[in-house]
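entry_34.txt follows; it contains compact mmCIF, C-alpha atoms.
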# COMPACT_ATOMS: atom_id res chain seq x y z
CA MET X 1 287.75 116.94 313.06
CA ASN X 2 290.30 118.78 315.13
CA TRP X 3 289.35 122.43 315.03
CA THR X 4 290.68 125.49 316.77
CA ARG X 5 288.97 128.83 317.00
CA GLU X 6 289.97 132.12 318.50
CA LEU X 7 288.77 135.67 318.50
CA ARG X 8 291.35 138.36 317.79
CA GLN X 9 290.69 142.06 317.20
CA GLY X 10 287.04 141.20 316.55
CA ASN X 11 288.00 138.69 313.87
CA VAL X 12 287.24 134.99 314.08
CA ILE X 13 290.25 132.81 313.27
CA VAL X 14 289.55 129.15 312.63
CA SER X 15 292.02 126.41 311.85
CA PRO X 16 290.93 122.99 310.62
CA GLY X 17 293.26 120.36 311.99
CA GLU X 18 293.41 117.90 309.10
CA PRO X 19 292.85 117.47 305.36
CA VAL X 20 289.25 117.78 304.22
CA ASP X 21 287.68 115.09 302.06
CA HIS X 22 284.43 113.12 301.84
CA GLU X 23 285.14 111.46 305.21
CA ASN X 24 284.95 114.65 307.25
CA VAL X 25 283.37 117.27 305.02
CA GLU X 26 280.07 117.36 306.92
CA ASP X 27 281.94 118.16 310.11
CA PHE X 28 283.97 120.80 308.27
CA GLU X 29 280.83 122.48 306.93
CA SER X 30 279.02 122.34 310.26
CA ARG X 31 281.91 124.23 311.87
CA LEU X 32 282.83 126.65 309.10
CA ILE X 33 279.45 128.14 308.21
CA PRO X 34 278.58 129.16 311.80
CA SER X 35 282.02 130.79 311.99
CA VAL X 36 280.99 133.16 309.21
CA GLU X 37 277.94 134.14 311.22
CA GLU X 38 280.03 134.52 314.36
CA ALA X 39 282.39 136.89 312.53
CA SER X 40 279.40 138.98 311.53
CA ARG X 41 278.10 139.12 315.10
CA SER X 42 281.50 140.21 316.42
CA GLY X 43 281.78 142.89 313.77
CA GLY X 44 284.90 141.41 312.19
CA ASN X 45 285.95 139.09 309.42
CA LEU X 46 286.76 135.39 309.16
CA ILE X 47 290.30 134.15 308.75
CA ILE X 48 290.79 130.50 307.87
CA ASP X 49 294.25 129.25 308.79
CA PHE X 50 295.07 126.19 306.71
CA ARG X 51 298.45 125.44 308.32
CA ASN X 52 297.32 121.91 309.26
CA VAL X 53 295.46 121.15 306.05
CA ASP X 54 297.72 119.22 303.66
CA TYR X 55 295.08 118.96 300.95
CA MET X 56 291.37 119.36 300.28
CA THR X 57 289.21 117.52 297.76
CA SER X 58 286.35 118.99 295.74
CA VAL X 59 283.75 118.37 298.45
CA GLY X 60 285.69 120.56 300.89
CA LEU X 61 286.34 123.19 298.27
CA ARG X 62 282.61 123.43 297.63
CA VAL X 63 282.09 124.28 301.30
CA LEU X 64 284.49 127.20 300.93
CA ILE X 65 282.34 128.55 298.11
CA VAL X 66 279.23 128.15 300.27
CA ALA X 67 281.00 130.04 303.05
CA ALA X 68 282.07 132.76 300.62
CA LYS X 69 278.48 133.24 299.44
CA GLU X 70 277.21 133.35 303.01
CA ALA X 71 279.94 135.84 303.94
CA GLU X 72 279.14 138.08 301.02
CA SER X 73 275.46 138.15 301.96
CA ILE X 74 276.24 139.45 305.46
CA ALA X 75 279.20 141.71 304.54
CA VAL X 76 281.90 139.51 306.09
CA LYS X 77 285.24 139.01 304.38
CA ILE X 78 286.96 135.63 304.30
CA LEU X 79 290.74 135.67 304.29
CA LEU X 80 292.86 132.56 303.87
CA THR X 81 296.33 131.91 305.21
CA GLY X 82 298.74 129.12 306.09
CA MET X 83 298.35 127.37 302.75
CA ASN X 84 301.07 124.91 301.81
CA LYS X 85 302.26 124.49 298.22
CA THR X 86 299.81 121.66 297.56
CA MET X 87 296.84 123.73 298.71
CA GLN X 88 298.05 126.66 296.62
CA GLU X 89 298.26 124.42 293.57
CA ILE X 90 294.81 122.98 294.22
CA PHE X 91 293.38 126.49 294.46
CA HIS X 92 295.05 127.46 291.21
CA ILE X 93 293.78 124.35 289.38
CA CYS X 94 290.25 124.84 290.65
CA GLY X 95 290.10 128.52 289.73
CA PHE X 96 289.76 129.56 293.40
CA GLU X 97 292.56 132.14 293.29
CA ASN X 98 290.14 134.71 291.96
CA VAL X 99 287.48 133.91 294.54
CA PHE X 100 289.49 134.19 297.77
CA VAL X 101 292.09 136.56 299.16
CA ILE X 102 295.13 134.52 300.21
CA HIS X 103 297.69 135.85 302.67
CA GLU X 104 301.16 134.51 303.33
CA SER X 105 300.85 134.84 307.10
CA LEU X 106 298.28 135.26 309.82
CA ASP X 107 299.76 138.67 310.67
CA SER X 108 299.31 139.77 307.10
CA ALA X 109 295.68 138.61 307.13
CA LEU X 110 295.03 140.40 310.43
CA ALA X 111 296.67 143.55 309.12
CA ALA X 112 294.44 143.41 306.06
CA THR X 113 291.30 143.17 308.16
CA SER X 114 292.32 146.08 310.39
CA ALA X 115 293.15 148.15 307.30
CA ASN X 116 289.51 147.79 306.32
CA MET E 117 287.56 96.55 273.48
CA ARG E 118 288.57 99.81 271.80
CA VAL E 119 287.02 103.22 272.38
CA ARG E 120 286.98 105.65 269.48
CA PHE E 121 286.06 109.32 269.93
CA TRP E 122 284.24 110.87 266.94
CA GLY E 123 283.05 114.02 268.71
CA THR E 124 284.34 115.45 271.99
CA ARG E 125 283.12 119.06 272.10
CA GLY E 126 280.39 120.16 274.46
CA SER E 127 277.22 122.12 273.75
CA LEU E 128 278.04 123.42 270.28
CA PRO E 129 280.32 122.23 267.46
CA THR E 130 283.29 124.49 266.94
CA ALA E 131 285.72 125.10 264.08
CA MET E 132 289.28 126.30 264.34
CA ARG E 133 289.82 129.82 262.99
CA SER E 134 292.47 130.75 260.42
CA SER E 135 294.31 132.73 263.07
CA GLU E 136 294.71 129.60 265.19
CA VAL E 137 296.13 127.64 262.24
CA ARG E 138 298.54 130.49 261.65
CA ASP E 139 299.61 130.48 265.30
CA LYS E 140 300.27 126.73 265.13
CA LEU E 141 302.40 127.15 262.00
CA ILE E 142 304.42 129.91 263.61
CA ALA E 143 304.97 127.82 266.74
CA ALA E 144 306.01 124.78 264.67
CA LEU E 145 308.47 126.75 262.55
CA LYS E 146 309.93 128.38 265.65
CA THR E 147 310.51 124.94 267.15
CA ALA E 148 312.10 123.71 263.89
CA ASN E 149 314.44 126.70 264.13
CA GLY E 150 315.65 126.52 260.53
CA ARG E 151 316.32 122.80 260.60
CA HIS E 152 316.54 121.02 257.23
CA PHE E 153 314.64 117.73 256.87
CA GLN E 154 315.75 115.01 254.47
CA SER E 155 312.33 113.46 253.83
CA ASP E 156 308.62 113.63 254.52
CA ALA E 157 309.14 110.86 257.06
CA ALA E 158 311.68 113.01 258.89
CA ILE E 159 309.20 115.89 258.95
CA GLY E 160 306.52 113.53 260.24
CA ASN E 161 308.86 112.32 262.94
CA PHE E 162 309.58 115.90 263.99
CA VAL E 163 305.88 116.76 264.10
CA ASP E 164 304.93 113.65 266.06
CA ASN E 165 307.75 113.75 268.58
CA GLU E 166 308.90 117.31 269.03
CA LEU E 167 305.75 119.41 268.82
CA ASP E 168 303.33 119.68 271.70
CA PHE E 169 299.76 118.56 271.04
CA PRO E 170 298.18 122.03 270.56
CA VAL E 171 300.88 122.86 267.99
CA ARG E 172 300.74 119.70 265.90
CA ALA E 173 297.05 118.85 266.31
CA THR E 174 293.65 119.98 267.55
CA TYR E 175 291.13 118.61 270.01
CA GLY E 176 288.51 119.09 267.31
CA GLY E 177 285.07 120.53 267.36
CA ALA E 178 282.47 117.83 266.65
CA SER E 179 279.88 117.34 269.39
CA SER E 180 279.46 114.16 271.44
CA CYS E 181 279.82 110.82 269.69
CA VAL E 182 281.84 107.88 271.05
CA GLU E 183 282.17 104.39 269.62
CA LEU E 184 282.89 101.19 271.52
CA ASP E 185 284.41 98.61 269.24
CA GLY E 186 285.35 94.99 269.59
CA THR E 187 282.55 93.50 271.66
CA SER E 188 280.68 91.97 268.70
CA GLU E 189 280.18 92.30 264.95
CA GLU E 190 277.56 94.98 265.60
CA PHE E 191 278.33 98.66 266.12
CA ILE E 192 277.96 100.41 269.47
CA VAL E 193 277.91 104.19 269.66
CA CYS E 194 277.09 106.65 272.42
CA ASP E 195 275.22 109.81 271.43
CA MET E 196 274.54 111.28 268.03
CA GLY E 197 276.28 114.63 268.13
CA SER E 198 277.84 116.07 264.99
CA GLY E 199 280.65 113.48 265.25
CA LEU E 200 278.09 110.88 264.16
CA ARG E 201 278.40 111.95 260.52
CA GLU E 202 282.03 110.87 260.27
CA PHE E 203 281.39 107.73 262.29
CA GLY E 204 278.59 106.83 259.84
CA LEU E 205 280.86 107.16 256.83
CA ASP E 206 283.65 105.18 258.47
CA SER E 207 281.27 102.44 259.62
CA MET E 208 279.95 102.09 256.04
CA ARG E 209 283.50 101.53 254.85
CA ARG E 210 283.87 98.82 257.49
CA SER E 211 280.52 97.29 256.52
CA ARG E 212 281.73 97.02 252.94
CA ASN E 213 284.49 94.81 254.39
CA GLY E 214 281.95 92.50 256.00
CA ARG E 215 280.99 94.23 259.23
CA LYS E 216 277.37 93.62 260.26
CA LYS E 217 275.05 96.53 259.41
CA VAL E 218 273.52 96.73 262.87
CA TYR E 219 273.93 99.86 265.00
CA ASN E 220 273.25 100.01 268.73
CA VAL E 221 273.01 103.64 269.81
CA PHE E 222 272.92 104.70 273.47
CA MET E 223 271.61 108.18 274.17
CA SER E 224 272.73 110.19 277.20
CA HIS E 225 269.89 112.64 276.57
CA LEU E 226 268.18 114.51 273.79
CA HIS E 227 269.62 117.99 273.89
CA TRP E 228 270.46 119.36 270.50
CA ASP E 229 274.23 118.82 270.60
CA HIS E 230 273.63 115.11 271.22
CA ILE E 231 271.19 114.49 268.36
CA MET E 232 272.28 116.95 265.66
CA GLY E 233 274.42 114.40 263.81
CA PHE E 234 271.50 112.08 263.11
CA PRO E 235 270.11 113.82 259.97
CA PHE E 236 273.59 113.37 258.43
CA PHE E 237 273.98 109.71 259.43
CA VAL E 238 274.18 108.13 255.98
CA PRO E 239 273.62 104.48 257.09
CA ALA E 240 270.05 105.54 258.01
CA PHE E 241 269.31 105.68 254.26
CA ASP E 242 270.39 102.04 253.69
CA PRO E 243 267.47 99.53 253.69
CA ASP E 244 269.85 96.77 254.80
CA VAL E 245 270.73 98.63 258.00
CA THR E 246 269.16 98.09 261.43
CA ILE E 247 269.41 100.93 263.94
CA ARG E 248 268.48 100.18 267.54
CA ILE E 249 268.35 103.24 269.75
CA PHE E 250 268.43 102.86 273.52
CA GLY E 251 268.06 105.39 276.30
CA GLY E 252 266.52 106.29 279.59
CA HIS E 253 264.12 108.76 277.97
CA ASP E 254 260.94 107.54 276.29
CA THR E 255 260.93 110.50 273.89
CA ILE E 256 263.92 109.63 271.70
CA GLU E 257 261.90 108.89 268.57
CA GLN E 258 259.90 112.07 269.06
CA ALA E 259 263.11 114.14 269.36
CA LEU E 260 264.63 112.63 266.20
CA ARG E 261 261.44 113.03 264.16
CA ARG E 262 260.98 116.59 265.34
CA GLN E 263 264.43 117.77 264.23
CA GLN E 264 263.68 116.44 260.72
CA GLU E 265 260.35 118.20 260.38
CA LYS E 266 260.12 120.42 257.32
CA ILE E 267 260.63 123.63 259.27
CA SER E 268 264.12 122.48 260.31
CA PHE E 269 265.37 119.96 257.74
CA PRO E 270 264.51 119.04 254.13
CA VAL E 271 264.50 115.25 254.57
CA PRO E 272 261.74 113.87 256.82
CA PHE E 273 262.36 110.96 259.18
CA ASP E 274 259.96 108.77 257.20
CA SER E 275 262.25 109.01 254.17
CA LEU E 276 264.88 107.02 256.00
CA ARG E 277 265.05 103.41 254.80
CA ALA E 278 266.83 101.68 257.67
CA ARG E 279 264.86 99.57 260.15
CA PHE E 280 264.47 101.40 263.46
CA ASP E 281 263.82 100.07 266.92
CA PHE E 282 263.55 102.34 269.98
CA SER E 283 263.93 100.89 273.50
CA THR E 284 263.67 102.58 276.87
CA LEU E 285 266.16 101.27 279.44
CA VAL E 286 265.61 101.43 283.17
CA PRO E 287 268.32 102.36 285.72
CA GLY E 288 269.10 99.43 287.97
CA GLU E 289 268.29 96.86 285.30
CA VAL E 290 270.95 95.10 283.25
CA ALA E 291 270.67 94.62 279.48
CA GLU E 292 272.77 92.32 277.30
CA ILE E 293 273.36 94.13 274.00
CA ALA E 294 275.94 93.49 271.26
CA GLY E 295 278.18 91.39 273.48
CA CYS E 296 278.00 93.89 276.34
CA ARG E 297 276.44 93.97 279.74
CA VAL E 298 274.88 97.44 279.82
CA GLU E 299 273.79 99.34 282.93
CA LEU E 300 272.66 102.94 283.19
CA ILE E 301 272.41 105.61 285.84
CA ARG E 302 270.22 108.69 285.97
CA GLN E 303 272.24 111.90 286.09
CA HIS E 304 271.62 115.46 287.20
CA HIS E 305 271.00 117.51 284.05
CA ASP E 306 268.11 119.54 282.69
CA ASN E 307 265.36 116.99 281.88
CA ASP E 308 267.76 114.28 283.13
CA SER E 309 270.61 112.53 281.37
CA TYR E 310 271.84 108.94 281.64
CA GLY E 311 275.31 107.50 282.06
CA TYR E 312 276.20 104.01 280.81
CA ARG E 313 278.51 101.27 281.97
CA PHE E 314 279.51 98.77 279.30
CA SER E 315 281.20 95.55 280.44
CA SER E 316 282.63 92.89 278.16
CA ASN E 317 285.34 90.25 278.53
CA GLY E 318 286.29 91.50 281.97
CA GLN E 319 286.63 95.15 280.90
CA SER E 320 284.37 98.08 281.72
CA VAL E 321 283.88 101.47 280.13
CA VAL E 322 281.72 104.20 281.66
CA TYR E 323 280.26 106.93 279.48
CA SER E 324 279.05 109.75 281.73
CA THR E 325 278.50 113.10 280.10
CA ASP E 326 276.27 116.09 280.78
CA SER E 327 276.17 115.20 284.43
CA GLU E 328 276.41 117.66 287.29
CA HIS E 329 277.51 116.24 290.63
CA LYS E 330 275.98 117.82 293.68
CA LEU E 331 278.84 117.75 296.15
CA ASP E 332 276.51 118.45 299.08
CA ASP E 333 274.66 115.19 298.40
CA PRO E 334 276.92 112.35 299.64
CA LEU E 335 274.40 109.65 298.73
CA SER E 336 274.31 110.81 295.13
CA ILE E 337 278.10 110.99 295.00
CA GLN E 338 278.33 107.47 296.43
CA ARG E 339 275.92 106.24 293.74
CA PHE E 340 278.37 107.40 291.07
CA VAL E 341 281.40 106.04 292.93
CA ASP E 342 279.66 102.64 292.92
CA PHE E 343 278.74 102.99 289.25
CA PHE E 344 282.34 103.87 288.27
CA HIS E 345 283.83 101.17 290.52
CA ASP E 346 287.00 99.56 289.06
CA ALA E 347 286.19 100.82 285.55
CA ASP E 348 289.00 100.52 283.02
CA LEU E 349 287.96 103.82 281.46
CA VAL E 350 285.62 106.56 282.64
CA ILE E 351 284.62 109.06 279.95
CA MET E 352 283.40 112.07 281.84
CA ASP E 353 282.12 115.57 281.25
CA THR E 354 284.84 117.94 282.52
CA MET E 355 283.50 121.11 280.98
CA TYR E 356 284.01 123.62 283.79
CA SER E 357 286.51 124.57 286.47
CA LEU E 358 285.37 123.63 289.96
CA ALA E 359 284.95 127.31 290.86
CA ASP E 360 282.52 127.78 287.97
CA ALA E 361 280.75 124.44 288.49
CA VAL E 362 279.83 125.21 292.09
CA SER E 363 279.12 128.93 291.76
CA MET E 364 278.34 130.86 288.58
CA LYS E 365 277.48 127.75 286.55
CA ALA E 366 275.81 125.73 289.29
CA ASP E 367 272.71 123.95 287.94
CA TRP E 368 273.95 124.25 284.37
CA GLY E 369 274.24 120.45 284.37
CA HIS E 370 277.96 119.87 283.90
CA SER E 371 280.93 118.75 285.91
CA SER E 372 284.56 119.71 286.43
CA ASN E 373 287.97 118.12 285.99
CA VAL E 374 288.68 117.89 289.72
CA VAL E 375 285.33 116.29 290.55
CA ALA E 376 286.06 113.74 287.82
CA VAL E 377 289.42 112.90 289.39
CA ASP E 378 287.95 112.70 292.88
CA LEU E 379 285.16 110.35 291.75
CA CYS E 380 287.56 108.16 289.79
CA HIS E 381 289.98 107.98 292.71
CA ARG E 382 287.23 106.92 295.08
CA ALA E 383 285.97 104.40 292.52
CA ASN E 384 289.46 103.01 291.88
CA ALA E 385 289.03 103.58 288.15
CA ARG E 386 292.08 103.00 285.94
CA ARG E 387 291.72 105.76 283.37
CA LEU E 388 289.77 108.99 283.00
CA ALA E 389 289.05 110.54 279.61
CA MET E 390 288.22 114.24 279.88
CA PHE E 391 285.31 114.92 277.56
CA HIS E 392 282.66 117.45 276.45
CA HIS E 393 285.12 120.32 276.15
CA GLU E 394 283.86 123.86 276.62
CA PRO E 395 283.33 125.35 273.11
CA ILE E 396 284.99 128.66 273.98
CA PHE E 397 288.28 126.91 274.84
CA ASP E 398 291.03 126.80 272.22
CA ASP E 399 293.57 123.99 271.98
CA ASN E 400 296.09 125.69 274.25
CA THR E 401 293.48 126.16 276.97
CA ILE E 402 292.29 122.55 276.81
CA ARG E 403 295.91 121.34 276.94
CA LYS E 404 296.57 123.56 279.97
CA ILE E 405 293.51 122.14 281.75
CA HIS E 406 294.62 118.62 280.85
CA LEU E 407 298.07 119.19 282.38
CA GLU E 408 296.51 120.75 285.49
CA THR E 409 294.21 117.75 285.84
CA ILE E 410 297.17 115.38 285.60
CA ARG E 411 298.85 117.42 288.32
CA TYR E 412 295.73 117.41 290.53
CA GLU E 413 295.59 113.62 290.18
CA GLU E 414 299.23 113.39 291.32
CA LEU E 415 298.57 115.67 294.29
CA MET E 416 295.48 113.76 295.44
CA ARG E 417 296.59 110.21 294.68
CA LYS E 418 296.46 107.86 297.65
CA GLU E 419 296.66 104.42 296.09
CA SER E 420 297.07 103.34 292.49
CA ALA E 421 297.52 105.97 289.80
CA LEU E 422 294.66 107.16 287.65
CA GLU E 423 295.76 107.82 284.08
CA VAL E 424 294.23 111.12 282.93
CA LEU E 425 293.57 111.29 279.19
CA CYS E 426 292.08 114.16 277.26
CA ALA E 427 289.76 113.04 274.47
CA TYR E 428 289.97 114.61 271.03
CA ASP E 429 288.15 113.93 267.78
CA GLY E 430 289.87 110.87 266.31
CA PHE E 431 291.35 109.70 269.63
CA GLU E 432 291.39 105.95 270.21
CA VAL E 433 291.87 104.13 273.49
CA PRO E 434 292.64 100.41 273.32
CA LEU E 435 291.70 98.65 276.55

Would you encode the structure as structure tokens?
Amino acid sequence: MNWTRELRQGNVIVSPGEPVDHENVEDFESRLIPSVEEASRSGGNLIIDFRNVDYMTSVGLRVLIVAAKEAESIAVKILLTGMNKTMQEIFHICGFENVFVIHESLDSALAATSAN
Amino acid sequence: MRVRFWGTRGSLPTAMRSSEVRDKLIAALKTANGRHFQSDAAIGNFVDNELDFPVRATYGGASSCVELDGTSEEFIVCDMGSGLREFGLDSMRRSRNGRKKVYNVFMSHLHWDHIMGFPFFVPAFDPDVTIRIFGGHDTIEQALRRQQEKISFPVPFDSLRARFDFSTLVPGEVAEIAGCRVELIRQHHDNDSYGYRFSSNGQSVVYSTDSEHKLDDPLSIQRFVDFFHDADLVIMDTMYSLADAVSMKADWGHSSNVVAVDLCHRANARRLAMFHHEPIFDDNTIRKIHLETIRYEELMRKESALEVLCAYDGFEVPL
């Protein structure tokens, strides 16, 4: 899986490079969960930028819940951004809107983390 | 083959409240908007064609019971939830018209909502009836006898006059029953449950309820994809949202609408029937979830379309 990662203002920003389904979900999980821990070590939060993710099936969505639980246990916040209309609809259908904070832009997500 | 749903509600039978009937009437009259109808047929036409499902109908509240018809002169039914009572009465009517008085019952598991219809299954009192009960559990007879013990029910099992035969089926083995090739799969549920695949005359129906799918277990998921492969209809437990199924209600033994679509897509199934509806959901909520599931299927479709149906008590699917 294509995957970019950067550190900005103490926050870890990751961006999966493709849709997530059963073909690549193990790779997705093996990259995402350590990113939560990295955010904790750097004293910041985790921002997931979905700009290159056209869609995500249930197996990938489960990993987001796992990440959210892990983040909660170590006082890290997960913020989502870059979601296209399909991803927004998927989140709505799956009941994920109430689980994650979704921002319209990366700047907005970064501003939210610094406000905390 | 024809599939007939006699009970589609999960966990606990439900009944519509007076306030819901009132709301439906108000919605129907608002849609009619003062229109005058010339005949009962015209009213029926208006109801059937201009009112949305939750206004003109209800998903119903009987617990799990699904009939497969048309594979032989014998009856096939999955689970004995409270929907079994009405199935029993209807099957007796058909038997009076010459249908064979032999019932083949396939049990997903023995939780209360899946056996509670049995004490009210009138054919069990007919000495000319044969009832064969199949399942993956070897405790089916014990469960049925126990719920008719004096402490719970006035009529003991031994008062029943039908001939009974209990058989334990084994996953991986194929049985030929009532014109069907029958296979089963063990499912993740408290004390296990079993899903069934019925194949006859080139058509296949999968009945898979009370089954939680562990999305972090790709081998288990693949097992179900293989079991559902090319099915003409998959009847599947879609009780929870994905968010609930993988968090708050993890290990409660049920699945979600989006997991059902994903499995059916991977299996190249033709139709999905959403089943085992959450008892706290009213008709409007179930309809909303049905429409969202149709939309999810459209968003995730890669190859051929999966038709997403939402089962209700009295629903029939001709294959």

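For the choices X:Ser58, X:Asn45, X:Asn11, X:Ser40, the atom-to-atom distance to chain E is smallest for X:Ser58 when using only C-alpha atoms.
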
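Every residue of chain X that lies within 8 Å of chain E is listed here, counting all atoms listed in the file: X:His22, X:Tyr55, X:Thr57, X:Ser58, X:Val59, X:Arg62, X:Ile65, X:Thr86, X:Ile90, X:Ile93, X:Cys94, X:Gly95, X:Phe96, X:Val99.
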
Task: Polymer residues at most 7 Å from Thr246 (chain E), only C-alpha atoms, same-chain spacing of 6 or more positions, as a PyMOL selection string - done: chain E and resi 217-219+278-280

Task: Point-to-point distance in Å for CA of Glu394 (chain E) and CA of Lys146 (chain E) - done: 28.6 Å

Open item on the list: With all atoms listed in the file as the counted atoms, please give the residues lying no more than 7 Å from Tyr428 (chain E), apart from itself and same-chain residues fewer than 5 positions off, as a VMD selection string.
Closed with: chain E and resid 121 124 175 to 176

- [ ] Pick out the closest residue to Asp49 (chain X) from this set: X:Thr81, X:Phe91, X:Gly10, X:Ala111. Count all atoms listed in the file.
- [x] X:Thr81

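Atom to atom, CA of Pro239 (chain E) and CA of Met208 (chain E) stand 6.8 Å apart.
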
Env of Arg215 (chain E): 12 Å cut, atoms = all atoms listed in the file, seq-sep filter 2 positions within chain, self excluded. Answer as a JSON list (two decimals) with C-alpha atoms, in the frame of the given file.
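And here's around30.json as it stands now:
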[["chain", "number", "residue", "atom", "x", "y", "z"],
["E", 185, "ASP", "CA", 284.41, 98.61, 269.24],
["E", 186, "GLY", "CA", 285.35, 94.99, 269.59],
["E", 188, "SER", "CA", 280.68, 91.97, 268.70],
["E", 189, "GLU", "CA", 280.18, 92.30, 264.95],
["E", 190, "GLU", "CA", 277.56, 94.98, 265.60],
["E", 191, "PHE", "CA", 278.33, 98.66, 266.12],
["E", 206, "ASP", "CA", 283.65, 105.18, 258.47],
["E", 207, "SER", "CA", 281.27, 102.44, 259.62],
["E", 208, "MET", "CA", 279.95, 102.09, 256.04],
["E", 209, "ARG", "CA", 283.50, 101.53, 254.85],
["E", 210, "ARG", "CA", 283.87, 98.82, 257.49],
["E", 211, "SER", "CA", 280.52, 97.29, 256.52],
["E", 212, "ARG", "CA", 281.73, 97.02, 252.94],
["E", 213, "ASN", "CA", 284.49, 94.81, 254.39],
["E", 217, "LYS", "CA", 275.05, 96.53, 259.41],
["E", 218, "VAL", "CA", 273.52, 96.73, 262.87],
["E", 219, "TYR", "CA", 273.93, 99.86, 265.00],
["E", 245, "VAL", "CA", 270.73, 98.63, 258.00]]

Quick one: residues within 8 Å of Arg118 (chain E), all atoms listed in the file, excluding same-chain residues fewer than 5 positions away - as a JSON list (two decimals) with C-alpha atoms, in the frame of the given file?
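Writing the result to around_3.json gives the following:
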[["chain", "number", "residue", "atom", "x", "y", "z"],
["E", 184, "LEU", "CA", 282.89, 101.19, 271.52],
["E", 185, "ASP", "CA", 284.41, 98.61, 269.24],
["E", 186, "GLY", "CA", 285.35, 94.99, 269.59],
["E", 432, "GLU", "CA", 291.39, 105.95, 270.21],
["E", 433, "VAL", "CA", 291.87, 104.13, 273.49],
["E", 434, "PRO", "CA", 292.64, 100.41, 273.32],
["E", 435, "LEU", "CA", 291.70, 98.65, 276.55]]

Task: Option closest in space to Arg172 (chain E), from E:Leu145, E:Leu260, E:Met390, E:Val193 [counting all atoms listed in the file] - done: E:Leu145

Work out where the centre of an axis-aligned box around every listed atom of region 60-73 of chain X lies and how long its edges are once 6 Å is added on each side; give both in Å to one decimal as lines of an AutoDock Vina configuration file.
center_x = 280.9
center_y = 129.4
center_z = 300.8
size_x = 22.9
size_y = 29.6
size_z = 18.3

Task: Distance query region 71-76 of chain X at most 10 Å, only C-alpha atoms, self and fewer than 4 positions along chain excluded, as a list in words - done: Asn11, Ile33, Ser35, Val36, Glu37, Glu38, Ala39, Ser40, Arg41, Gly43, Gly44, Asn45, Leu46, Ile65, Val66 and Ala67 of chain X

TODO: Counting all atoms listed in the file, write as number ranges by chain all protein and nucleic acid residues lying at most 10 Å from (300.9, 127.3, 302.8) in the file's frame.
DONE: X: 49-54, 80-88, 102-105
